>>> print(open('query.tsv').read())   # TSV, C-alpha atoms
chain	number	residue	atom	x	y	z
A	1	MET	CA	-114.57	91.64	-32.46
A	2	LYS	CA	-113.65	94.22	-29.79
A	3	ALA	CA	-111.30	96.06	-32.22
A	4	LYS	CA	-114.02	96.16	-34.88
A	5	LEU	CA	-116.47	97.62	-32.34
A	6	MET	CA	-113.94	100.30	-31.32
A	7	ILE	CA	-113.31	101.28	-34.95
A	8	THR	CA	-117.05	101.43	-35.64
A	9	LEU	CA	-117.57	103.60	-32.56
A	10	ALA	CA	-114.71	105.93	-33.53
A	11	VAL	CA	-116.10	106.36	-37.07
A	12	ALA	CA	-119.59	107.03	-35.69
A	13	LEU	CA	-118.24	109.68	-33.31
A	14	MET	CA	-116.27	111.33	-36.12
A	15	LEU	CA	-119.36	111.45	-38.34
A	16	ALA	CA	-121.34	112.93	-35.46
A	17	GLY	CA	-118.70	115.61	-34.90
A	18	CYS	CA	-117.71	114.24	-31.49
A	19	ALA	CA	-114.25	112.85	-32.25
A	20	GLY	CA	-112.47	115.69	-30.50
A	21	VAL	CA	-112.60	119.37	-29.76
A	22	GLU	CA	-113.26	121.37	-32.89
A	23	LYS	CA	-110.59	123.99	-33.41
A	24	PRO	CA	-110.69	126.78	-32.90
A	25	ARG	CA	-113.09	126.53	-30.00
A	26	ILE	CA	-115.66	129.30	-29.72
A	27	ASN	CA	-115.43	130.90	-26.26
A	28	THR	CA	-118.67	132.74	-25.45
A	29	VAL	CA	-118.50	135.99	-23.49
A	30	ASP	CA	-122.19	136.94	-23.83
A	31	ASP	CA	-125.04	136.65	-26.39
A	32	ASN	CA	-123.27	138.96	-28.86
A	33	THR	CA	-119.58	138.42	-28.06
A	34	PHE	CA	-117.18	135.49	-28.43
A	35	PHE	CA	-113.47	134.93	-28.94
A	36	ILE	CA	-111.13	132.35	-30.44
A	37	GLU	CA	-107.57	131.61	-29.32
A	38	VAL	CA	-104.84	132.26	-31.92
A	39	GLU	CA	-102.83	129.23	-30.74
A	40	GLU	CA	-105.73	127.07	-32.04
A	41	PHE	CA	-105.38	128.44	-35.60
A	42	ASP	CA	-103.44	126.60	-38.30
A	43	LEU	CA	-99.93	128.04	-37.92
A	44	THR	CA	-97.23	128.41	-40.57
A	45	ASN	CA	-93.78	129.70	-39.58
A	46	ALA	CA	-95.12	130.85	-36.21
A	47	LYS	CA	-94.23	129.80	-32.69
A	48	VAL	CA	-96.43	129.29	-29.67
A	49	LEU	CA	-95.17	130.83	-26.42
A	50	ASP	CA	-96.20	130.14	-22.85
A	51	THR	CA	-97.60	133.52	-21.80
A	52	GLU	CA	-98.96	133.81	-18.29
A	53	ASP	CA	-101.21	136.80	-19.03
A	54	ALA	CA	-102.72	135.35	-22.22
A	55	SER	CA	-106.31	134.11	-21.95
A	56	GLY	CA	-105.37	130.51	-22.74
A	57	GLY	CA	-101.90	130.76	-21.21
A	58	LYS	CA	-100.32	130.92	-24.68
A	59	SER	CA	-99.62	133.48	-27.39
A	60	VAL	CA	-98.36	133.21	-30.97
A	61	VAL	CA	-95.51	135.07	-32.66
A	62	ILE	CA	-95.46	135.04	-36.46
A	63	GLN	CA	-91.80	134.66	-37.39
A	64	ASP	CA	-91.51	136.54	-40.70
A	65	ALA	CA	-93.33	137.54	-43.91
A	66	SER	CA	-93.88	133.87	-44.84
A	67	GLY	CA	-95.67	133.16	-41.56
A	68	LYS	CA	-99.38	133.15	-40.84
A	69	ALA	CA	-102.09	132.02	-38.46
A	70	GLU	CA	-105.33	131.12	-40.20
A	71	THR	CA	-108.63	129.41	-39.57
A	72	THR	CA	-112.24	129.26	-40.70
A	73	ILE	CA	-115.22	129.51	-38.37
A	74	GLN	CA	-118.97	129.37	-38.87
A	75	LEU	CA	-120.32	132.89	-38.46
A	76	SER	CA	-123.91	134.11	-38.27
A	77	LYS	CA	-125.14	136.78	-40.67
A	78	GLY	CA	-124.55	140.25	-39.23
A	79	THR	CA	-122.13	143.09	-38.64
A	80	TYR	CA	-119.20	142.58	-36.29
A	81	GLU	CA	-116.53	144.65	-34.59
A	82	ILE	CA	-113.45	142.43	-34.45
A	83	SER	CA	-110.38	143.13	-32.36
A	84	VAL	CA	-107.26	141.15	-31.52
A	85	TYR	CA	-105.81	140.98	-28.04
A	86	ALA	CA	-102.03	141.03	-28.28
A	87	LEU	CA	-98.82	142.49	-26.94
A	88	GLY	CA	-96.54	144.72	-29.00
A	89	PRO	CA	-93.24	144.96	-27.10
A	90	SER	CA	-92.19	148.29	-28.70
A	91	TYR	CA	-93.28	150.87	-31.27
A	92	ASP	CA	-91.29	148.95	-33.91
A	93	GLU	CA	-92.97	145.69	-32.88
A	94	ASP	CA	-96.67	146.48	-32.63
A	95	ALA	CA	-98.40	145.80	-35.96
A	96	PHE	CA	-99.72	142.87	-37.98
A	97	PHE	CA	-102.22	142.29	-40.79
A	98	MET	CA	-105.64	140.73	-40.36
A	99	THR	CA	-107.64	139.39	-43.29
A	100	ILE	CA	-111.28	138.48	-42.79
A	101	GLY	CA	-113.53	137.30	-45.61
A	102	GLY	CA	-110.96	138.54	-48.13
A	103	MET	CA	-110.68	142.05	-46.63
A	104	GLU	CA	-107.24	142.99	-45.22
A	105	GLN	CA	-106.45	145.64	-42.60
A	106	ARG	CA	-103.25	146.59	-40.81
A	107	MET	CA	-103.80	146.44	-37.06
A	108	TRP	CA	-101.81	148.30	-34.35
A	109	LEU	CA	-101.28	147.83	-30.66
A	110	GLU	CA	-100.25	150.08	-27.84
A	111	SER	CA	-99.34	147.52	-25.24
A	112	PRO	CA	-95.64	147.20	-24.49
A	113	GLU	CA	-96.27	145.69	-21.06
A	114	GLU	CA	-99.60	143.84	-21.21
A	115	ILE	CA	-102.00	142.10	-23.55
A	116	LEU	CA	-104.64	144.58	-24.73
A	117	PRO	CA	-107.00	144.88	-27.72
A	118	THR	CA	-105.92	146.51	-30.96
A	119	LEU	CA	-106.32	150.30	-31.09
A	120	GLU	CA	-109.08	150.03	-33.72
A	121	TYR	CA	-111.50	147.24	-34.45
A	122	PHE	CA	-112.01	145.59	-37.84
A	123	ALA	CA	-115.56	146.28	-39.08
A	124	TYR	CA	-116.88	143.25	-40.96
A	125	THR	CA	-120.29	142.26	-42.32
A	126	GLN	CA	-121.08	138.59	-42.87
A	127	GLU	CA	-123.71	138.54	-45.62
A	128	ALA	CA	-125.15	135.09	-44.78
A	129	ASP	CA	-124.73	132.38	-42.16
A	130	GLY	CA	-121.71	130.29	-43.10
A	131	PRO	CA	-117.94	130.00	-43.14
A	132	CYS	CA	-115.69	132.98	-42.49
A	133	SER	CA	-111.93	132.83	-43.07
A	134	ILE	CA	-109.57	134.64	-40.70
A	135	LYS	CA	-105.85	135.13	-41.29
A	136	LEU	CA	-103.23	136.97	-39.25
A	137	THR	CA	-99.94	137.75	-41.00
A	138	TYR	CA	-96.62	139.44	-40.31
A	139	ALA	CA	-96.11	143.21	-40.45
A	140	GLU	CA	-93.53	143.68	-37.66
A	141	PRO	CA	-91.52	141.24	-35.50
A	142	ASN	CA	-92.23	139.93	-31.99
A	143	VAL	CA	-95.96	140.74	-31.79
A	144	GLU	CA	-97.55	138.25	-29.36
A	145	LEU	CA	-101.05	137.39	-30.61
A	146	ASP	CA	-103.46	136.07	-27.96
A	147	ARG	CA	-107.11	135.96	-29.12
A	148	VAL	CA	-109.56	137.35	-31.69
A	149	LEU	CA	-112.72	138.89	-30.21
A	150	PHE	CA	-115.96	139.17	-32.23
A	151	LYS	CA	-118.71	141.52	-31.08
A	152	LYS	CA	-121.95	141.38	-33.09
A	153	VAL	CA	-123.38	144.90	-33.38
A	154	GLN	CA	-126.23	144.24	-35.88
>>> encode(input="query.tsv", output="structure tokens")
Amino acid sequence: MKAKLMITLAVALMLAGCAGVEKPRINTVDDNTFFIEVEEFDLTNAKVLDTEDASGGKSVVIQDASGKAETTIQLSKGTYEISVYALGPSYDEDAFFMTIGGMEQRMWLESPEEILPTLEYFAYTQEADGPCSIKLTYAEPNVELDRVLFKKVQ
């Protein structure tokens, strides 16, 4: 009887969306700004590093051209400036690709010693409230990806 009650409770919590922390978690900065941690993405051929200066204490390195970090979040209709906080250890190790809603852009860093945002932001317009896919892929080795920051501008 007790086991049946526990199973029923677990199913009820899952249906209510309370079975665990949804990943990636949305970390609110203010009314128009939030970020998501890259280590909470679905990772393929990528490794998670303990990184003291990273916002969640971890960063992600995509190993090679077959690697990726991807997720889908619910995004409100609007225009966003999206940047990635990361560390590029050298000028030969400071770029990656970001794909959002099917649009791809090569992103660069200038941060050989600390985690900073990409040099340019990714301008993206979400046409309606709903899911938005995000994928980070390999361009150069050893880039340490920390978090993706969304700033709603319209």
>>> atom_distance(input="query.tsv", atom1="atom CA of Lys152 of chain A", atom2="atom CA of Glu120 of chain A")
15.5 Å
>>> residues_around(input="query.tsv", residues="Ala69 of chain A", least_positions_apart="2", cutoff="12 Å", atoms="only C-alpha atoms", output="PyMOL selection string")
chain A and resi 24+37-48+59-67+71-72+96-99+133-138+144-148
>>> residues_near_point(input="query.tsv", point="(-122.4, 134.2, -40.2)", cutoff="8 Å", atoms="all atoms listed in the file", output="PyMOL selection string")
chain A and resi 74-78+126-132
>>> atom_distance(input="query.tsv", atom1="atom CA of Ile115 of chain A", atom2="atom CA of Ile26 of chain A")
19.7 Å
>>> closest_residue(input="query.tsv", among="A:Tyr124, A:Thr33, A:Gln154, A:Leu87", to="Gly102 of chain A", atoms="only C-alpha atoms")
A:Tyr124
>>> atom_distance(input="query.tsv", atom1="atom CA of Pro141 of chain A", atom2="atom CA of Leu49 of chain A")
14.3 Å
>>> closest_residue(input="query.tsv", among="A:Ile73, A:Val29, A:Gly57, A:Val84", to="Gly101 of chain A", atoms="only C-alpha atoms")
A:Ile73
>>> closest_residue(input="query.tsv", among="A:Thr79, A:Thr125, A:Thr118, A:Gln105", to="Ala139 of chain A", atoms="all atoms listed in the file")
A:Gln105
>>> residues_near_point(input="query.tsv", point="(-104.7, 150.7, -24.5)", cutoff="12 Å", atoms="all atoms listed in the file", output="JSON list (two decimals) with C-alpha atoms, keeping the file's coordinate frame")
[["chain", "number", "residue", "atom", "x", "y", "z"],
["A", 85, "TYR", "CA", -105.81, 140.98, -28.04],
["A", 86, "ALA", "CA", -102.03, 141.03, -28.28],
["A", 87, "LEU", "CA", -98.82, 142.49, -26.94],
["A", 88, "GLY", "CA", -96.54, 144.72, -29.00],
["A", 108, "TRP", "CA", -101.81, 148.30, -34.35],
["A", 109, "LEU", "CA", -101.28, 147.83, -30.66],
["A", 110, "GLU", "CA", -100.25, 150.08, -27.84],
["A", 111, "SER", "CA", -99.34, 147.52, -25.24],
["A", 112, "PRO", "CA", -95.64, 147.20, -24.49],
["A", 113, "GLU", "CA", -96.27, 145.69, -21.06],
["A", 114, "GLU", "CA", -99.60, 143.84, -21.21],
["A", 115, "ILE", "CA", -102.00, 142.10, -23.55],
["A", 116, "LEU", "CA", -104.64, 144.58, -24.73],
["A", 117, "PRO", "CA", -107.00, 144.88, -27.72],
["A", 118, "THR", "CA", -105.92, 146.51, -30.96],
["A", 119, "LEU", "CA", -106.32, 150.30, -31.09],
["A", 120, "GLU", "CA", -109.08, 150.03, -33.72]]
